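One file, work.cif, is given below (mmCIF, C-alpha atoms).
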data_start
loop_
_atom_site.group_PDB
_atom_site.id
_atom_site.type_symbol
_atom_site.label_atom_id
_atom_site.label_comp_id
_atom_site.auth_asym_id
_atom_site.auth_seq_id
_atom_site.Cartn_x
_atom_site.Cartn_y
_atom_site.Cartn_z
ATOM 1 C CA MET W 15 -9.025 -18.325 -17.981
ATOM 2 C CA ILE W 16 -10.140 -14.904 -16.837
ATOM 3 C CA ILE W 17 -10.372 -13.218 -13.463
ATOM 4 C CA ARG W 18 -13.489 -11.137 -13.111
ATOM 5 C CA PRO W 19 -15.835 -9.767 -10.438
ATOM 6 C CA PHE W 20 -18.284 -12.205 -8.867
ATOM 7 C CA ARG W 21 -21.747 -12.281 -10.414
ATOM 8 C CA ARG W 22 -24.995 -13.455 -8.914
ATOM 9 C CA ALA W 23 -25.206 -16.221 -11.523
ATOM 10 C CA ASP W 24 -21.946 -17.683 -10.181
ATOM 11 C CA VAL W 25 -23.840 -18.964 -7.143
ATOM 12 C CA SER W 26 -25.773 -21.409 -9.274
ATOM 13 C CA ALA W 27 -22.627 -22.436 -11.151
ATOM 14 C CA GLY W 28 -21.457 -23.980 -7.872
ATOM 15 C CA PHE W 29 -18.060 -24.239 -6.257
ATOM 16 C CA THR W 30 -16.412 -26.906 -4.107
ATOM 17 C CA CYS W 31 -12.971 -26.389 -2.677
ATOM 18 C CA GLY W 32 -13.019 -29.120 -0.042
ATOM 19 C CA GLU W 33 -13.422 -26.811 2.925
ATOM 20 C CA SER W 34 -17.051 -26.640 3.985
ATOM 21 C CA ALA W 35 -16.898 -23.156 5.518
ATOM 22 C CA LEU W 36 -15.635 -21.695 2.247
ATOM 23 C CA ASP W 37 -18.125 -23.652 0.174
ATOM 24 C CA VAL W 38 -20.962 -22.379 2.370
ATOM 25 C CA TRP W 39 -19.610 -18.853 2.107
ATOM 26 C CA PHE W 40 -19.556 -19.109 -1.695
ATOM 27 C CA ALA W 41 -23.114 -20.421 -1.830
ATOM 28 C CA LYS W 42 -24.690 -18.167 0.781
ATOM 29 C CA ARG W 43 -22.574 -15.105 1.419
ATOM 30 C CA ALA W 44 -20.348 -14.248 -1.528
ATOM 31 C CA TRP W 45 -23.026 -12.529 -3.552
ATOM 32 C CA ARG W 46 -24.346 -10.599 -0.558
ATOM 33 C CA HIS W 47 -20.831 -9.415 0.259
ATOM 34 C CA GLU W 48 -20.264 -8.327 -3.315
ATOM 35 C CA ARG W 49 -23.682 -6.702 -3.669
ATOM 36 C CA ASP W 50 -23.470 -4.788 -0.404
ATOM 37 C CA GLY W 51 -19.851 -3.740 -0.815
ATOM 38 C CA ILE W 52 -18.723 -5.628 2.277
ATOM 39 C CA ALA W 53 -15.986 -7.167 0.158
ATOM 40 C CA ARG W 54 -15.032 -7.267 -3.467
ATOM 41 C CA VAL W 55 -15.223 -10.838 -4.655
ATOM 42 C CA TYR W 56 -13.328 -12.120 -7.671
ATOM 43 C CA VAL W 57 -13.468 -15.428 -9.471
ATOM 44 C CA LEU W 58 -11.099 -17.186 -11.804
ATOM 45 C CA GLU W 59 -13.276 -18.546 -14.568
ATOM 46 C CA ASP W 60 -12.720 -21.183 -17.194
ATOM 47 C CA PRO W 61 -15.445 -20.074 -19.616
ATOM 48 C CA GLY W 62 -15.513 -23.350 -21.510
ATOM 49 C CA GLY W 63 -15.259 -25.651 -18.515
ATOM 50 C CA THR W 64 -17.976 -27.898 -17.132
ATOM 51 C CA ALA W 65 -17.309 -26.407 -13.683
ATOM 52 C CA PRO W 66 -16.448 -22.859 -14.777
ATOM 53 C CA ILE W 67 -15.545 -21.357 -11.394
ATOM 54 C CA VAL W 68 -11.934 -22.372 -10.829
ATOM 55 C CA GLY W 69 -11.099 -20.165 -7.877
ATOM 56 C CA VAL W 70 -12.289 -17.301 -5.747
ATOM 57 C CA TYR W 71 -11.048 -14.693 -3.301
ATOM 58 C CA SER W 72 -12.316 -11.569 -1.638
ATOM 59 C CA LEU W 73 -10.710 -8.250 -0.803
ATOM 60 C CA SER W 74 -11.851 -5.963 1.975
ATOM 61 C CA SER W 75 -10.580 -3.284 4.301
ATOM 62 C CA LYS W 76 -10.093 -4.253 7.912
ATOM 63 C CA SER W 77 -8.231 -2.936 10.886
ATOM 64 C CA VAL W 78 -5.622 -4.777 12.862
ATOM 65 C CA GLU W 79 -5.674 -4.184 16.543
ATOM 66 C CA THR W 80 -4.894 -5.852 19.810
ATOM 67 C CA ASP W 81 -7.419 -6.162 22.583
ATOM 68 C CA GLN W 82 -4.810 -4.913 25.007
ATOM 69 C CA VAL W 83 -5.533 -1.461 26.361
ATOM 70 C CA ALA W 84 -1.955 -0.322 26.702
ATOM 71 C CA PRO W 85 -0.186 0.877 23.564
ATOM 72 C CA VAL W 86 2.392 -1.628 22.410
ATOM 73 C CA TRP W 87 4.670 0.487 20.302
ATOM 74 C CA SER W 88 6.472 3.744 20.567
ATOM 75 C CA GLY W 89 7.426 4.255 16.923
ATOM 76 C CA SER W 90 6.064 6.730 14.439
ATOM 77 C CA LEU W 91 2.799 4.950 13.720
ATOM 78 C CA PRO W 92 -0.373 6.171 15.407
ATOM 79 C CA ARG W 93 -1.860 4.480 18.458
ATOM 80 C CA PHE W 94 -5.022 3.238 16.848
ATOM 81 C CA PRO W 95 -5.989 0.264 14.714
ATOM 82 C CA LEU W 96 -3.898 -0.078 11.574
ATOM 83 C CA PRO W 97 -5.774 -0.248 8.251
ATOM 84 C CA VAL W 98 -4.960 -3.268 6.136
ATOM 85 C CA THR W 99 -6.256 -4.938 3.006
ATOM 86 C CA TYR W 100 -7.624 -8.358 3.826
ATOM 87 C CA VAL W 101 -7.489 -11.262 1.403
ATOM 88 C CA GLY W 102 -10.211 -13.642 2.448
ATOM 89 C CA CYS W 103 -12.053 -16.716 1.250
ATOM 90 C CA PHE W 104 -9.131 -17.659 -0.948
ATOM 91 C CA ALA W 105 -9.878 -21.012 -2.539
ATOM 92 C CA VAL W 106 -9.368 -23.129 -5.632
ATOM 93 C CA ALA W 107 -11.938 -25.720 -6.687
ATOM 94 C CA VAL W 108 -11.017 -29.306 -5.886
ATOM 95 C CA ALA W 109 -10.987 -30.266 -9.547
ATOM 96 C CA HIS W 110 -8.453 -27.545 -10.346
ATOM 97 C CA GLN W 111 -6.076 -27.735 -7.398
ATOM 98 C CA GLY W 112 -2.348 -28.258 -7.900
ATOM 99 C CA ARG W 113 -2.177 -26.448 -11.249
ATOM 100 C CA GLY W 114 -0.869 -23.047 -10.197
ATOM 101 C CA HIS W 115 -4.245 -21.312 -10.134
ATOM 102 C CA GLY W 116 -3.656 -20.205 -6.558
ATOM 103 C CA ARG W 117 -0.595 -18.248 -7.690
ATOM 104 C CA THR W 118 -2.592 -16.593 -10.459
ATOM 105 C CA LEU W 119 -5.319 -15.594 -8.032
ATOM 106 C CA MET W 120 -2.870 -14.346 -5.415
ATOM 107 C CA GLY W 121 -1.014 -12.255 -8.005
ATOM 108 C CA ASP W 122 -4.305 -10.655 -8.975
ATOM 109 C CA ALA W 123 -5.263 -10.054 -5.334
ATOM 110 C CA LEU W 124 -1.931 -8.400 -4.559
ATOM 111 C CA ALA W 125 -2.066 -6.228 -7.672
ATOM 112 C CA ARG W 126 -5.542 -5.034 -6.732
ATOM 113 C CA ALA W 127 -4.490 -4.461 -3.112
ATOM 114 C CA LEU W 128 -1.555 -2.379 -4.294
ATOM 115 C CA LEU W 129 -3.699 -0.315 -6.643
ATOM 116 C CA ALA W 130 -6.337 0.227 -3.942
ATOM 117 C CA SER W 131 -3.679 1.430 -1.511
ATOM 118 C CA THR W 132 -2.966 4.395 -3.769
ATOM 119 C CA HIS W 133 -6.526 5.588 -3.096
ATOM 120 C CA VAL W 134 -7.362 4.200 0.349
ATOM 121 C CA GLY W 135 -4.882 3.920 3.185
ATOM 122 C CA SER W 136 -3.526 0.452 3.900
ATOM 123 C CA VAL W 137 -0.274 -0.492 5.580
ATOM 124 C CA GLY W 138 -0.208 -3.998 4.138
ATOM 125 C CA VAL W 139 -1.961 -7.168 3.113
ATOM 126 C CA PHE W 140 -3.298 -9.493 5.780
ATOM 127 C CA LEU W 141 -4.598 -13.027 5.423
ATOM 128 C CA HIS W 142 -5.111 -16.228 7.358
ATOM 129 C CA ALA W 143 -3.389 -19.354 6.066
ATOM 130 C CA LYS W 144 -5.509 -22.427 6.635
ATOM 131 C CA THR W 145 -2.950 -25.184 6.160
ATOM 132 C CA PRO W 146 0.805 -25.624 6.645
ATOM 133 C CA ARG W 147 1.118 -25.919 2.874
ATOM 134 C CA SER W 148 -0.582 -22.595 2.238
ATOM 135 C CA THR W 149 1.486 -21.014 5.021
ATOM 136 C CA ALA W 150 4.632 -22.142 3.205
ATOM 137 C CA PHE W 151 3.316 -20.806 -0.109
ATOM 138 C CA TYR W 152 2.524 -17.373 1.315
ATOM 139 C CA ALA W 153 5.899 -17.297 3.068
ATOM 140 C CA THR W 154 7.720 -17.652 -0.267
ATOM 141 C CA LEU W 155 5.938 -14.449 -1.322
ATOM 142 C CA GLY W 156 7.225 -12.641 1.750
ATOM 143 C CA PHE W 157 4.186 -12.928 3.985
ATOM 144 C CA VAL W 158 5.387 -13.064 7.561
ATOM 145 C CA ALA W 159 3.687 -15.508 9.925
ATOM 146 C CA LEU W 160 2.458 -13.694 13.025
ATOM 147 C CA PRO W 161 1.954 -15.223 16.460
ATOM 148 C CA PRO W 162 -1.582 -16.632 16.352
ATOM 149 C CA LEU W 163 -4.097 -15.516 18.942
ATOM 150 C CA VAL W 164 -5.538 -18.997 19.186
ATOM 151 C CA ASP W 165 -4.496 -22.290 17.658
ATOM 152 C CA ARG W 166 -6.563 -22.035 14.509
ATOM 153 C CA GLN W 167 -5.547 -20.277 11.328
ATOM 154 C CA GLN W 168 -2.163 -18.704 10.813
ATOM 155 C CA PRO W 169 -2.282 -14.902 10.518
ATOM 156 C CA MET W 170 0.185 -13.561 7.948
ATOM 157 C CA PHE W 171 1.163 -10.068 6.882
ATOM 158 C CA LEU W 172 2.933 -8.460 3.932
ATOM 159 C CA ALA W 173 3.866 -4.782 4.206
ATOM 160 C CA MET W 174 2.494 -2.633 1.393
ATOM 161 C CA GLU W 175 5.873 -1.020 0.849
ATOM 162 C CA THR W 176 7.393 -4.456 0.314
ATOM 163 C CA LEU W 177 4.694 -5.185 -2.249
ATOM 164 C CA ARG W 178 5.224 -1.824 -3.901
ATOM 165 C CA GLY W 179 8.880 -2.686 -4.409
ATOM 166 C CA ALA W 180 8.120 -5.910 -6.243
ATOM 167 C CA MET L 23 -27.878 0.410 0.646
ATOM 168 C CA PRO L 24 -30.832 2.107 2.437
ATOM 169 C CA ARG L 25 -32.770 -0.091 4.849
ATOM 170 C CA LYS L 26 -35.741 0.639 7.098
ATOM 171 C CA ALA L 27 -34.523 1.540 10.568
ATOM 172 C CA PRO L 28 -35.395 -1.176 13.123
ATOM 173 C CA SER L 29 -37.908 -0.276 15.831
ATOM 174 C CA PRO L 30 -36.275 0.176 19.250
ATOM 175 C CA THR L 31 -39.412 -1.026 21.041
ATOM 176 C CA ARG L 32 -40.824 -3.908 19.034
ATOM 177 C CA LEU L 33 -39.543 -6.889 17.091
ATOM 178 C CA ASP L 34 -41.809 -8.872 14.814
ATOM 179 C CA THR L 35 -40.613 -11.706 12.709
ATOM 180 C CA SER L 36 -42.001 -14.416 10.512
ATOM 181 C CA VAL L 37 -40.667 -17.957 10.190
ATOM 182 C CA THR L 38 -41.973 -20.074 7.336
ATOM 183 C CA ASP L 39 -39.886 -23.241 7.262
ATOM 184 C CA ARG L 40 -41.669 -26.177 8.813
ATOM 185 C CA PRO L 41 -38.770 -27.851 10.695
ATOM 186 C CA THR L 42 -37.961 -24.627 12.523
ATOM 187 C CA ILE L 43 -41.603 -24.034 13.401
ATOM 188 C CA GLU L 44 -41.992 -27.590 14.702
ATOM 189 C CA GLN L 45 -38.822 -27.351 16.751
ATOM 190 C CA ALA L 46 -39.921 -24.012 18.176
ATOM 191 C CA HIS L 47 -43.267 -25.462 19.251
ATOM 192 C CA GLN L 48 -41.540 -28.466 20.837
ATOM 193 C CA LEU L 49 -39.177 -26.222 22.776
ATOM 194 C CA MET L 50 -41.970 -23.966 23.966
ATOM 195 C CA ALA L 51 -43.910 -27.025 25.144
ATOM 196 C CA GLN L 52 -40.905 -28.607 26.875
ATOM 197 C CA LEU L 53 -39.829 -25.394 28.563
ATOM 198 C CA GLU L 54 -43.324 -24.020 29.134
ATOM 199 C CA ILE L 55 -42.479 -20.679 27.613
ATOM 200 C CA GLY L 56 -44.046 -18.499 24.952
ATOM 201 C CA ASN L 57 -42.833 -17.007 21.701
ATOM 202 C CA ALA L 58 -41.213 -14.003 23.304
ATOM 203 C CA ASP L 59 -39.280 -16.010 25.898
ATOM 204 C CA LEU L 60 -38.141 -18.441 23.240
ATOM 205 C CA TYR L 61 -36.889 -15.604 21.072
ATOM 206 C CA ARG L 62 -35.282 -13.843 24.041
ATOM 207 C CA SER L 63 -33.420 -17.004 25.074
ATOM 208 C CA ALA L 64 -32.314 -17.740 21.521
ATOM 209 C CA VAL L 65 -31.009 -14.205 21.079
ATOM 210 C CA GLU L 66 -29.195 -14.333 24.416
ATOM 211 C CA LEU L 67 -27.568 -17.669 23.584
ATOM 212 C CA LEU L 68 -26.602 -16.670 20.057
ATOM 213 C CA GLY L 69 -25.261 -13.359 21.310
ATOM 214 C CA TRP L 70 -23.033 -15.196 23.759
ATOM 215 C CA CYS L 71 -21.850 -17.587 21.037
ATOM 216 C CA VAL L 72 -21.003 -14.718 18.701
ATOM 217 C CA ARG L 73 -19.034 -12.920 21.409
ATOM 218 C CA GLU L 74 -17.109 -16.099 22.136
ATOM 219 C CA VAL L 75 -16.159 -16.836 18.514
ATOM 220 C CA ARG L 76 -15.193 -13.214 17.987
ATOM 221 C CA GLU L 77 -12.765 -13.656 20.858
ATOM 222 C CA GLY L 78 -11.310 -16.608 18.972
ATOM 223 C CA ARG L 79 -12.924 -19.353 21.057
ATOM 224 C CA ARG L 80 -14.988 -22.354 19.940
ATOM 225 C CA ILE L 81 -18.418 -23.438 21.113
ATOM 226 C CA ALA L 82 -18.571 -27.055 22.249
ATOM 227 C CA SER L 83 -20.382 -29.301 24.693
ATOM 228 C CA VAL L 84 -18.390 -31.129 27.368
ATOM 229 C CA ASP L 85 -19.007 -34.411 29.160
ATOM 230 C CA ASP L 86 -18.933 -35.095 32.937
ATOM 231 C CA ARG L 87 -15.143 -34.978 32.965
ATOM 232 C CA GLY L 88 -15.015 -31.678 31.133
ATOM 233 C CA GLU L 89 -13.859 -33.289 27.885
ATOM 234 C CA PRO L 90 -15.214 -31.711 24.693
ATOM 235 C CA VAL L 91 -17.797 -33.948 23.060
ATOM 236 C CA ARG L 92 -19.296 -31.959 20.213
ATOM 237 C CA GLU L 93 -18.365 -28.691 18.617
ATOM 238 C CA VAL L 94 -21.064 -26.373 17.355
ATOM 239 C CA ALA L 95 -20.658 -25.594 13.657
ATOM 240 C CA MET L 96 -23.128 -23.080 12.257
ATOM 241 C CA PRO L 97 -22.671 -20.917 9.172
ATOM 242 C CA VAL L 98 -23.758 -17.884 11.163
ATOM 243 C CA LEU L 99 -20.930 -18.447 13.665
ATOM 244 C CA THR L 100 -18.410 -18.924 10.885
ATOM 245 C CA TYR L 101 -19.625 -15.623 9.501
ATOM 246 C CA ALA L 102 -19.303 -13.926 12.871
ATOM 247 C CA ARG L 103 -15.768 -15.236 13.186
ATOM 248 C CA THR L 104 -14.721 -13.928 9.782
ATOM 249 C CA ARG L 105 -16.437 -10.560 10.118
ATOM 250 C CA ARG L 106 -14.695 -9.589 13.309
ATOM 251 C CA ARG L 107 -11.976 -7.038 13.413
ATOM 252 C CA LEU L 108 -8.550 -8.494 13.007
ATOM 253 C CA THR L 109 -7.713 -8.859 16.644
ATOM 254 C CA VAL L 110 -4.180 -10.124 16.983
ATOM 255 C CA ALA L 111 -1.819 -10.975 19.781
ATOM 256 C CA GLU L 112 0.153 -8.080 21.161
ATOM 257 C CA GLU L 113 3.416 -9.497 19.776
ATOM 258 C CA ALA L 114 1.777 -9.847 16.377
ATOM 259 C CA LEU L 115 0.814 -6.194 16.292
ATOM 260 C CA GLU L 116 4.345 -5.241 17.295
ATOM 261 C CA GLN L 117 5.606 -7.360 14.416
ATOM 262 C CA VAL L 118 3.202 -5.710 11.955
ATOM 263 C CA VAL L 119 4.334 -2.278 13.088
ATOM 264 C CA HIS L 120 7.967 -3.295 12.674
ATOM 265 C CA LEU L 121 7.315 -4.632 9.158
ATOM 266 C CA VAL L 122 5.535 -1.424 8.183
ATOM 267 C CA GLU L 123 8.265 0.791 9.572
ATOM 268 C CA HIS L 124 11.066 -1.393 8.197
ATOM 269 C CA PRO L 125 9.628 -3.067 5.093
ATOM 270 C CA PRO L 126 11.730 -5.996 3.923
ATOM 271 C CA ALA L 127 12.795 -6.265 0.295
ATOM 272 C CA PRO L 128 10.430 -8.290 -1.881
ATOM 273 C CA THR L 129 11.308 -11.947 -2.227
ATOM 274 C CA PRO L 130 12.271 -13.273 -5.676
ATOM 275 C CA ALA L 131 9.017 -15.236 -5.771
ATOM 276 C CA LEU L 132 7.008 -12.088 -5.107
ATOM 277 C CA ARG L 133 8.884 -10.155 -7.788
ATOM 278 C CA ASP L 134 8.288 -12.983 -10.240
ATOM 279 C CA LEU L 135 4.598 -13.255 -9.379
ATOM 280 C CA MET L 136 3.989 -9.530 -9.686
ATOM 281 C CA ALA L 137 5.853 -9.360 -13.012
ATOM 282 C CA ARG L 138 3.697 -12.181 -14.342
ATOM 283 C CA THR L 139 0.559 -10.539 -13.011
ATOM 284 C CA ARG L 140 1.428 -7.192 -14.560
ATOM 285 C CA ALA L 141 1.950 -8.905 -17.907
ATOM 286 C CA MET L 142 -1.464 -10.596 -17.623
ATOM 287 C CA ARG L 143 -3.181 -7.379 -16.611
ATOM 288 C CA GLU L 144 -1.892 -5.554 -19.654
ATOM 289 C CA GLU L 145 -4.447 -7.566 -21.576
ATOM 290 C CA PRO L 146 -7.883 -5.947 -22.289
ATOM 291 C CA PRO L 147 -9.670 -4.443 -19.243
ATOM 292 C CA GLN L 148 -12.015 -6.625 -17.234
ATOM 293 C CA ALA L 149 -15.666 -6.124 -16.491
ATOM 294 C CA SER L 150 -16.683 -3.802 -13.676
ATOM 295 C CA HIS L 151 -18.548 -4.816 -10.519
ATOM 296 C CA ARG L 152 -22.334 -5.015 -10.311
ATOM 297 C CA GLY L 153 -22.458 -6.724 -13.639
ATOM 298 C CA GLY L 154 -25.519 -8.651 -12.467
#

Encoded form (C-alpha cells):
Amino acid sequence: MIIRPFRRADVSAGFTCGESALDVWFAKRAWRHERDGIARVYVLEDPGGTAPIVGVYSLSSKSVETDQVAPVWSGSLPRFPLPVTYVGCFAVAVAHQGRGHGRTLMGDALARALLASTHVGSVGVFLHAKTPRSTAFYATLGFVALPPLVDRQQPMFLAMETLRGA
Amino acid sequence: MPRKAPSPTRLDTSVTDRPTIEQAHQLMAQLEIGNADLYRSAVELLGWCVREVREGRRIASVDDRGEPVREVAMPVLTYARTRRRLTVAEEALEQVVHLVEHPPAPTPALRDLMARTRAMREEPPQASHRGG
C-alpha cells in the first residue's frame, strides 16, 4: 500500500465509499481540485488490487470565521478569520473499510498538515465528521467536537501545537 | 491557471446534451419565455440555492402543511456547500481560539499514530504532484 498524490487516471479506476456525495466528488471534482491547486488530493493505493484506490482525502487551506459582526474573543489572537488546514473528502472504499486504512490515511494527512504549517500559517486542523463513529475516532486523536452551526456534520478541531507535540 | 476574462456585458453559452435542450424548450413553451429569460431565472434560482446552502440550510419542497416533501440534491450544491468558508457558531470559534491559545497535550492515540506515520514516511520519497 502506498499513499501518493491523486492522478487523472485514478478517476477511471473508480472509487465507492458508500456516501454518494463523496463518490461524486471523486468522479467529478477530485482531479479538477488537484489540477487547479484548490486542494491537494491523496490516495491510498493497493497497486496489485482489483480496485486499487483504497482511500482518499484532500488537504486545503481555509479560514474559520463566525458570521457574527462583533468580535468574540479578547485574547492575543487577531480579530480576523483564523487560517486552518482542512482535511476534506476523507473516505475509505467500501471493500476496504474496517481494516485500519482510515488511521493510515489520517496519520498521513496530519503529518502533511504539520509540515505545511512550517511554511504556511495554520492554527490547526479542521474537519467535519460525518458519522458518530468517525466523530469518536477523531476524538481519540484529540480532535475537539465544536458546536455545530446546523444539525449536519460535526465540526472538529485539533490545534497545530497539540499536533506538533505528538 | 490563466483563463479568459468573462465579458461584463454579454454571456453566450452552448448546451449540447439532448435532455437539457428538450427540457429547456419545454420550459420556455410552458412559461412563454425566451432563452435569456430562462437563463436569467435559472441563474437567479441557483444563486439563491447556493446562498442558502452556504448558510448551512437545505433546499426542499414543502406540502400544504409546510412539511418537507423532497430535498434537492445536486452535485453543484454539494460543491457549493463544501467550498464555503468554514463558518462556525460563535461558541465554536471561541473554543477554537481557546484551543489555539491553550493547546492540550497530545492524546496517546495521536502520539502512537504520528510515531507510526513517521516510521512509514522514512521509507523512500513519494511522487510529486502533477504526475499526470

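Using all atoms listed in the file, the protein and nucleic acid residues lying no more than 10 Å from Leu124 in chain W, apart from those fewer than 5 places from it along its own chain, are W:Leu73, W:Thr99, W:Val101, W:Leu119, W:Leu129, W:Ala130, W:Gly138, W:Val139, W:Leu172, W:Met174, W:Leu177, W:Arg178, L:Leu132, L:Leu135, L:Met136, L:Thr139.
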
Export C-alpha atoms of the chosen residues as a short mmCIF file (atom, residue, chain, number, x, y, z; two decimals), in the coordinates of the input?
data_model
loop_
_atom_site.label_atom_id
_atom_site.label_comp_id
_atom_site.auth_asym_id
_atom_site.auth_seq_id
_atom_site.Cartn_x
_atom_site.Cartn_y
_atom_site.Cartn_z
CA LEU W 73 -10.71 -8.25 -0.80
CA THR W 99 -6.26 -4.94 3.01
CA VAL W 101 -7.49 -11.26 1.40
CA LEU W 119 -5.32 -15.59 -8.03
CA LEU W 129 -3.70 -0.32 -6.64
CA ALA W 130 -6.34 0.23 -3.94
CA GLY W 138 -0.21 -4.00 4.14
CA VAL W 139 -1.96 -7.17 3.11
CA LEU W 172 2.93 -8.46 3.93
CA MET W 174 2.49 -2.63 1.39
CA LEU W 177 4.69 -5.18 -2.25
CA ARG W 178 5.22 -1.82 -3.90
CA LEU L 132 7.01 -12.09 -5.11
CA LEU L 135 4.60 -13.26 -9.38
CA MET L 136 3.99 -9.53 -9.69
CA THR L 139 0.56 -10.54 -13.01
#

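Going from CA of Lys144 in chain W to CA of Gln168 in chain W covers 6.5 Å.
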
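For the file shown, the residue list from the PyMOL selection byres ((chain L) within 6 of (chain W)) reads Leu108, Thr109, Val110, Ala111, Glu112, Ala114, Val122, Pro125, Pro126, Ala127, Pro128, Thr129, Ala131, Leu132, Arg133, Leu135, Met136, Thr139, His151 and Gly154 of chain L.
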
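This file gives the following result for the PyMOL selection byres ((chain L and resi 82) around 8): L:Arg80, L:Ile81, L:Ser83, L:Val84, L:Pro90, L:Val91, L:Arg92, L:Glu93, L:Val94.
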
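Nearest residue to Pro97 in chain L among W:Ala41, W:Ala127, W:Ala65, W:Val57 is W:Ala41, counting only C-alpha atoms.
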
Identify, on the basis of all atoms listed in the file, every residue whose closest approach to range 105-116 of chain W does not exceed 9 Å; exclude the query and any residue fewer than 6 positions from it along the same chain; express the result as a short mmCIF file (atom, residue, chain, number, x, y, z; two decimals) with C-alpha atoms, in the coordinates of the input.
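Result written to result_33.cif:
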data_model
loop_
_atom_site.label_atom_id
_atom_site.label_comp_id
_atom_site.auth_asym_id
_atom_site.auth_seq_id
_atom_site.Cartn_x
_atom_site.Cartn_y
_atom_site.Cartn_z
CA PHE W 29 -18.06 -24.24 -6.26
CA THR W 30 -16.41 -26.91 -4.11
CA CYS W 31 -12.97 -26.39 -2.68
CA GLY W 32 -13.02 -29.12 -0.04
CA GLU W 33 -13.42 -26.81 2.92
CA LEU W 36 -15.64 -21.70 2.25
CA LEU W 58 -11.10 -17.19 -11.80
CA ALA W 65 -17.31 -26.41 -13.68
CA ILE W 67 -15.54 -21.36 -11.39
CA VAL W 68 -11.93 -22.37 -10.83
CA GLY W 69 -11.10 -20.16 -7.88
CA VAL W 70 -12.29 -17.30 -5.75
CA TYR W 71 -11.05 -14.69 -3.30
#

(request) Choose the residue, out of W:Ala44, W:Met15, W:Ala150, W:Ala27, that has the smallest atom-to-atom separation from Glu59 in chain W; count all atoms listed in the file. (result) W:Met15

(request) Provide the CA of Leu115 in chain L to CA of Thr132 in chain W distance in Å, to one decimal place. (result) 23.0 Å

(request) Mind giving me the straight-line distance from CA of Asp39 in chain L to CA of Ala51 in chain L in Å, one decimal? (result) 18.7 Å
